[in-house]
Amino acid sequence: MKQSICALAVACLMVGLSGCSSYQQRSQMDDFNTAWIQGDYLGAAEAMEPELSLTGEDKAEDKQLLELLHQAEAYRMAGDPSQAVELYDKAEVGMKLDDTSGLSSNLLEGGMSVLINDAERDYTPMLSEAVLVNTYKGLAFLQQGNRELARVEFNRADDRTRRAVETFAEEIALQKEALEADEGKQQQSIRESLENESLQESVASNYEEISQWSVYPEFIVPSATYLHGLFFLASGEHGDLDKASTSLKRVAAMSPDNRRLAADAELAEDLAAGRTTRDSETPRVWVVYENGLGPVARESRFDVPLMLLHGNTTSPAYTGIALPRYADRKPVHQPLTLVDDSGERHQPEPFSAMGKVVRTEMKARFPAVLGRAVASATLKAVMQNASAEEFGAVGQLGSALFTAATTRADLRSWQAIPDHWQVTSLPRPASGQLGVEEASGHVDDISLPDWRYTLVYIKRPSQEGPAQVSLIDLEGRHGGEQLSLFGTKDAEGLVADAS
Amino acid sequence: MKKLVVFVTCLVLLLAGCATPTRYVDPDNDQGEVSMELDYRDFEKTAQETVESMLQSGAVDNPDGGRYVLVVSRIVNDTMQRLDTDQLIKKIRVDLLNSGKVVTTTAVGIDGAEDEMNMLSRSLRDSDEFDQRGVQKKGTLQAPDLSLSGKILQRNRKVGSEQQVEYYVQLSLTDLSSGLALWEDETQVIKRGSDASVSW
């Protein structure tokens, strides 16, 4: 009886801790999103202040990675690129720690995730998120007029893209290796369950038909590759045009309907081949618009048949698993139009839908995600059986409660990224004035600095909040400017009401 | 209770003893761990090879017997590391100066003079406060004959289960009177190690 009570107490404690941390995360994300949508970026950064460790000191970077990512982008939006870079640097340290932390810590984390759920692991960003960390950092350095360090960051973003494909294959191979290396009963059950057609059918009917997802033919974050290409197109350094041409052609191929991307790829190719020169080209303005709120993970729970071993025979037992399912949030539907001196209107064309990027990655990683969920469910089912045999009804009830409470998907993600990007470009207006027009007809003028290649980088998470505009010298010779267009006053009112 | 105190004291002393002690490193014989990033050993090796190559090529042998005046142009860091390219170039400059064949000007540079005092000291010409005999005369600064420019590239690839990081230090020495590159060289630093994470 004593043992039963003890087992139940341990189970309850773990469930309690798991539930408590999940609740805290949700509450923190809600606060962040409230401020983010309204354009209160300092408020958003404050909402994501990482908790201190038990000793009262800052936690290690990998333990506060999710908070660091949100804070860094909030500071970039608030017009503080140096604070953003500092936080993004810490986030990169966290990612490296996460990649390289010792075997014992990985085993402990892996064990926790199987015993409880993936949400108990330290946050590991999606590879698309990691690529964007370096891209945003590159933009922040350009904003500071630091082209040397911007170059380093765009190179890093490119290398992370290259590594991504290898990483997906490795993750699946490692899991397979772990299952094959150990001939224990549980491993056999997990392996047989994963190979079982009924389980695959159950996933296909209850989750989503993954083969039907709209994905890119290979892993890419088109916006990151595009900005990489644009930076090297504008740099003017010997040898950079080939890099620009490769990146811009790759992005154009991913969005064949986007005429602007095709024109940029052509320009880079012409410059690289010497068919035209930088001096003969008129100064140009690129407008890149980050639109809306990016996808978030929702939980999808359903029963799957697990092949549990009893003696020498296997029998199916239906048990619940929980998987993350990515759902798109809201883009800003009202279009922004750029108006030049002659009154000609330039409509940014969409590309790099974040939902498609995330699904491309998720499709590649899905076998590993499903594998962990099935491993967790199998372990809990075995525990449930053992508890019932050992402690009777109390044990069964306790382990059932534990299973029900801990079967959760990891729903964490970086929610400061957009629904999609849009792009257009035009010759620099002779007057230096560029009109930005909302659907309502309201036009705000931007005074463009006298630079050869200007990037007007707009980010607007929601219609309620302002459009944050960064004027960036793509050649990195001058520090940039930051301004807010539309909705600023309303947003301030909303923030005041909300607080 | 006593036992516990003794045990805790021993544990603390043991842990303190385990802390890595700080020590001097002999730069000429450093067998310390190699990182995937460029470190001072790579800069040392690259500078040494570069200067040897430049001196052997005869590109800096002045037929008139004097020393050439060199200006350091842009050295682009095209890697994934936050490098201080001045650190590498400084070693090259020191070795070239020691060769007696080249002297570097600090009066001009791609982003302005390396030593602004060159011009500031000349702004004293009209000042009554300074003894004008010591003030630099017009036309005394020497224009550069040669320009050193280059790029540090990085290429990463997977080799088996490991990561290979290749650095290429490419330098050119241009004769500023003709615009011709008198000397060019590429030094490679190739490292192979864990592929668990990124190379920076």
# chains A, B, ... in the order shown; residues from 1 in each chain; ligands from 1
call {"tool": "residues_around", "arguments": {"residues": "Gly65 of chain B", "least_positions_apart": "6", "cutoff": "12 Å", "atoms": "only C-alpha atoms", "output": "JSON, numbers by chain"}}
result
{"B": [100, 101, 102]}
call {"tool": "interface_residues", "arguments": {"of": "chain A", "to": "chain B", "cutoff": "10 Å", "atoms": "only C-alpha atoms", "output": "PyMOL selection string"}}
result
chain A and resi 92-93+95-101+148-149+151-160+162-163+166-167+170+237-240
call {"tool": "write_last_selection", "arguments": {"atoms": "N, CA and C atoms", "output": "PDB file, in the first residue's frame"}}
result
ATOM      1  N   GLU A  92      22.213  32.374 -30.047  1.00  0.00           N
ATOM      2  CA  GLU A  92      23.105  31.485 -30.808  1.00  0.00           C
ATOM      3  C   GLU A  92      23.974  30.641 -29.882  1.00  0.00           C
ATOM      4  N   VAL A  93      24.409  31.255 -28.774  1.00  0.00           N
ATOM      5  CA  VAL A  93      25.177  30.486 -27.787  1.00  0.00           C
ATOM      6  C   VAL A  93      24.290  29.351 -27.256  1.00  0.00           C
ATOM      7  N   MET A  95      21.802  27.908 -28.774  1.00  0.00           N
ATOM      8  CA  MET A  95      21.612  26.875 -29.807  1.00  0.00           C
ATOM      9  C   MET A  95      22.831  25.961 -29.870  1.00  0.00           C
ATOM     10  N   LYS A  96      24.000  26.560 -29.722  1.00  0.00           N
ATOM     11  CA  LYS A  96      25.240  25.763 -29.771  1.00  0.00           C
ATOM     12  C   LYS A  96      25.304  24.838 -28.556  1.00  0.00           C
ATOM     13  N   LEU A  97      24.940  25.371 -27.389  1.00  0.00           N
ATOM     14  CA  LEU A  97      24.921  24.535 -26.182  1.00  0.00           C
ATOM     15  C   LEU A  97      23.950  23.375 -26.360  1.00  0.00           C
ATOM     16  N   ASP A  98      22.815  23.691 -26.947  1.00  0.00           N
ATOM     17  CA  ASP A  98      21.793  22.684 -27.177  1.00  0.00           C
ATOM     18  C   ASP A  98      22.325  21.572 -28.105  1.00  0.00           C
ATOM     19  N   ASP A  99      23.108  21.989 -29.102  1.00  0.00           N
ATOM     20  CA  ASP A  99      23.668  21.018 -30.049  1.00  0.00           C
ATOM     21  C   ASP A  99      24.752  20.160 -29.419  1.00  0.00           C
ATOM     22  N   THR A 100      25.527  20.772 -28.535  1.00  0.00           N
ATOM     23  CA  THR A 100      26.761  20.109 -28.107  1.00  0.00           C
ATOM     24  C   THR A 100      26.787  19.702 -26.646  1.00  0.00           C
ATOM     25  N   SER A 101      25.674  19.914 -25.912  1.00  0.00           N
ATOM     26  CA  SER A 101      25.712  19.584 -24.483  1.00  0.00           C
ATOM     27  C   SER A 101      25.999  18.100 -24.312  1.00  0.00           C
ATOM     28  N   GLU A 148      30.584  44.598 -42.396  1.00  0.00           N
ATOM     29  CA  GLU A 148      31.480  43.461 -42.157  1.00  0.00           C
ATOM     30  C   GLU A 148      30.749  42.371 -41.368  1.00  0.00           C
ATOM     31  N   LEU A 149      30.097  42.778 -40.288  1.00  0.00           N
ATOM     32  CA  LEU A 149      29.425  41.773 -39.463  1.00  0.00           C
ATOM     33  C   LEU A 149      28.109  41.313 -40.087  1.00  0.00           C
ATOM     34  N   ARG A 151      27.794  40.733 -43.228  1.00  0.00           N
ATOM     35  CA  ARG A 151      28.260  39.692 -44.155  1.00  0.00           C
ATOM     36  C   ARG A 151      28.432  38.359 -43.419  1.00  0.00           C
ATOM     37  N   VAL A 152      29.036  38.429 -42.230  1.00  0.00           N
ATOM     38  CA  VAL A 152      29.244  37.210 -41.437  1.00  0.00           C
ATOM     39  C   VAL A 152      27.900  36.533 -41.154  1.00  0.00           C
ATOM     40  N   GLU A 153      26.902  37.331 -40.788  1.00  0.00           N
ATOM     41  CA  GLU A 153      25.594  36.758 -40.440  1.00  0.00           C
ATOM     42  C   GLU A 153      24.885  36.166 -41.661  1.00  0.00           C
ATOM     43  N   PHE A 154      24.964  36.848 -42.802  1.00  0.00           N
ATOM     44  CA  PHE A 154      24.318  36.284 -43.996  1.00  0.00           C
ATOM     45  C   PHE A 154      25.036  34.995 -44.421  1.00  0.00           C
ATOM     46  N   ASN A 155      26.353  34.945 -44.233  1.00  0.00           N
ATOM     47  CA  ASN A 155      27.079  33.697 -44.506  1.00  0.00           C
ATOM     48  C   ASN A 155      26.619  32.578 -43.571  1.00  0.00           C
ATOM     49  N   ARG A 156      26.401  32.957 -42.309  1.00  0.00           N
ATOM     50  CA  ARG A 156      25.948  31.954 -41.334  1.00  0.00           C
ATOM     51  C   ARG A 156      24.565  31.412 -41.710  1.00  0.00           C
ATOM     52  N   ALA A 157      23.688  32.322 -42.111  1.00  0.00           N
ATOM     53  CA  ALA A 157      22.330  31.899 -42.486  1.00  0.00           C
ATOM     54  C   ALA A 157      22.405  30.903 -43.640  1.00  0.00           C
ATOM     55  N   ASP A 158      23.302  31.176 -44.573  1.00  0.00           N
ATOM     56  CA  ASP A 158      23.457  30.300 -45.728  1.00  0.00           C
ATOM     57  C   ASP A 158      23.988  28.929 -45.298  1.00  0.00           C
ATOM     58  N   ASP A 159      24.927  28.942 -44.348  1.00  0.00           N
ATOM     59  CA  ASP A 159      25.495  27.665 -43.898  1.00  0.00           C
ATOM     60  C   ASP A 159      24.462  26.855 -43.116  1.00  0.00           C
ATOM     61  N   ARG A 160      23.630  27.535 -42.345  1.00  0.00           N
ATOM     62  CA  ARG A 160      22.584  26.809 -41.611  1.00  0.00           C
ATOM     63  C   ARG A 160      21.611  26.149 -42.590  1.00  0.00           C
ATOM     64  N   ARG A 162      22.376  25.038 -45.558  1.00  0.00           N
ATOM     65  CA  ARG A 162      23.091  23.868 -46.099  1.00  0.00           C
ATOM     66  C   ARG A 162      23.040  22.703 -45.107  1.00  0.00           C
ATOM     67  N   ARG A 163      23.229  23.010 -43.815  1.00  0.00           N
ATOM     68  CA  ARG A 163      23.278  21.957 -42.810  1.00  0.00           C
ATOM     69  C   ARG A 163      21.924  21.302 -42.558  1.00  0.00           C
ATOM     70  N   GLU A 166      21.090  17.854 -44.054  1.00  0.00           N
ATOM     71  CA  GLU A 166      21.864  16.788 -43.405  1.00  0.00           C
ATOM     72  C   GLU A 166      21.283  16.478 -42.025  1.00  0.00           C
ATOM     73  N   THR A 167      20.857  17.523 -41.330  1.00  0.00           N
ATOM     74  CA  THR A 167      20.351  17.351 -39.967  1.00  0.00           C
ATOM     75  C   THR A 167      19.091  16.491 -39.940  1.00  0.00           C
ATOM     76  N   GLU A 170      20.035  12.915 -40.334  1.00  0.00           N
ATOM     77  CA  GLU A 170      20.751  12.426 -39.144  1.00  0.00           C
ATOM     78  C   GLU A 170      19.787  12.113 -38.011  1.00  0.00           C
ATOM     79  N   GLU A 237      31.640  43.944 -53.731  1.00  0.00           N
ATOM     80  CA  GLU A 237      32.937  43.286 -53.577  1.00  0.00           C
ATOM     81  C   GLU A 237      33.124  42.244 -54.668  1.00  0.00           C
ATOM     82  N   HIS A 238      34.370  42.101 -55.077  1.00  0.00           N
ATOM     83  CA  HIS A 238      34.702  41.135 -56.109  1.00  0.00           C
ATOM     84  C   HIS A 238      34.292  39.728 -55.658  1.00  0.00           C
ATOM     85  N   GLY A 239      33.648  38.990 -56.532  1.00  0.00           N
ATOM     86  CA  GLY A 239      33.296  37.599 -56.225  1.00  0.00           C
ATOM     87  C   GLY A 239      31.924  37.439 -55.582  1.00  0.00           C
ATOM     88  N   ASP A 240      31.327  38.537 -55.118  1.00  0.00           N
ATOM     89  CA  ASP A 240      30.042  38.426 -54.426  1.00  0.00           C
ATOM     90  C   ASP A 240      28.869  38.197 -55.375  1.00  0.00           C
TER      91      ASP A 240
END
call {"tool": "residues_around", "arguments": {"residues": "segment 30-42 of chain B", "least_positions_apart": "3", "cutoff": "7 Å", "atoms": "only C-alpha atoms", "output": "count of residues only"}}
result
9
call {"tool": "residues_around", "arguments": {"residues": "segment 459-463 of chain A", "least_positions_apart": "2", "cutoff": "6 Å", "atoms": "only C-alpha atoms", "output": "JSON, numbers by chain"}}
result
{"A": [37, 289, 290, 291, 292, 293, 332, 465, 467, 468]}
call {"tool": "write_last_selection", "arguments": {"atoms": "N, CA, C and O atoms", "output": "compact mmCIF listing (two decimals), in the first residue's frame"}}
result
# COMPACT_ATOMS: atom_id res chain seq x y z
N ILE A 37 0.87 42.17 -31.11
CA ILE A 37 -0.19 42.50 -32.08
C ILE A 37 -0.49 44.00 -32.05
O ILE A 37 -0.77 44.62 -33.07
N TYR A 289 8.46 43.30 -47.32
CA TYR A 289 7.37 43.49 -46.36
C TYR A 289 7.09 42.16 -45.65
O TYR A 289 6.67 41.20 -46.28
N GLU A 290 7.34 42.16 -44.33
CA GLU A 290 7.02 40.98 -43.50
C GLU A 290 5.60 41.16 -43.03
O GLU A 290 5.31 42.07 -42.24
N ASN A 291 4.74 40.28 -43.45
CA ASN A 291 3.31 40.48 -43.25
C ASN A 291 2.71 39.45 -42.28
O ASN A 291 2.86 38.24 -42.47
N GLY A 292 2.01 39.95 -41.25
CA GLY A 292 1.16 39.10 -40.42
C GLY A 292 1.87 38.28 -39.36
O GLY A 292 3.02 38.54 -39.00
N LEU A 293 1.12 37.29 -38.88
CA LEU A 293 1.60 36.43 -37.79
C LEU A 293 1.86 35.03 -38.33
O LEU A 293 1.01 34.46 -39.01
N VAL A 332 -1.90 40.19 -42.68
CA VAL A 332 -2.58 41.49 -42.78
C VAL A 332 -3.16 41.54 -44.20
O VAL A 332 -2.40 41.58 -45.17
N GLY A 465 -1.78 47.09 -35.31
CA GLY A 465 -0.53 47.73 -34.93
C GLY A 465 0.08 48.51 -36.09
O GLY A 465 -0.40 48.44 -37.23
N ALA A 467 3.00 49.76 -38.90
CA ALA A 467 3.99 49.12 -39.76
C ALA A 467 5.34 49.70 -39.36
O ALA A 467 5.53 50.91 -39.43
N GLN A 468 6.24 48.86 -38.90
CA GLN A 468 7.58 49.32 -38.53
C GLN A 468 8.44 49.32 -39.79
O GLN A 468 8.55 48.31 -40.48
call {"tool": "closest_residue", "arguments": {"among": "B:Asn29, B:Gln48, B:Gln142, B:Ser57", "to": "Lys90 of chain B", "atoms": "only C-alpha atoms"}}
result
B:Gln48
call {"tool": "select_by_dssp", "arguments": {"residues": "segment 20-100 of chain B", "states": "strand (DSSP E or B)", "output": "PyMOL selection string"}}
result
chain B and resi 68-78
call {"tool": "atom_distance", "arguments": {"atom1": "atom CA of Asp62 of chain A", "atom2": "atom CA of Thr34 of chain A"}}
result
25.3 Å
call {"tool": "atom_distance", "arguments": {"atom1": "atom CA of Leu485 of chain A", "atom2": "atom CA of Leu248 of chain A"}}
result
29.0 Å
call {"tool": "select_by_dssp", "arguments": {"residues": "segment 34-142 of chain B", "states": "helix (DSSP H, G or I)", "output": "PyMOL selection string"}}
result
chain B and resi 40-57+85-99+117-124
call {"tool": "atom_distance", "arguments": {"atom1": "atom CA of Thr319 of chain A", "atom2": "atom CA of Thr378 of chain A"}}
result
8.2 Å
call {"tool": "closest_residue", "arguments": {"among": "A:Arg428, A:Arg329, A:Arg477, A:Arg359", "to": "Met126 of chain A", "atoms": "only C-alpha atoms"}}
result
A:Arg359
call {"tool": "closest_residue", "arguments": {"among": "B:Asp145, B:Gln56, B:Ile89, B:Thr22", "to": "Gln170 of chain B", "atoms": "only C-alpha atoms"}}
result
B:Ile89
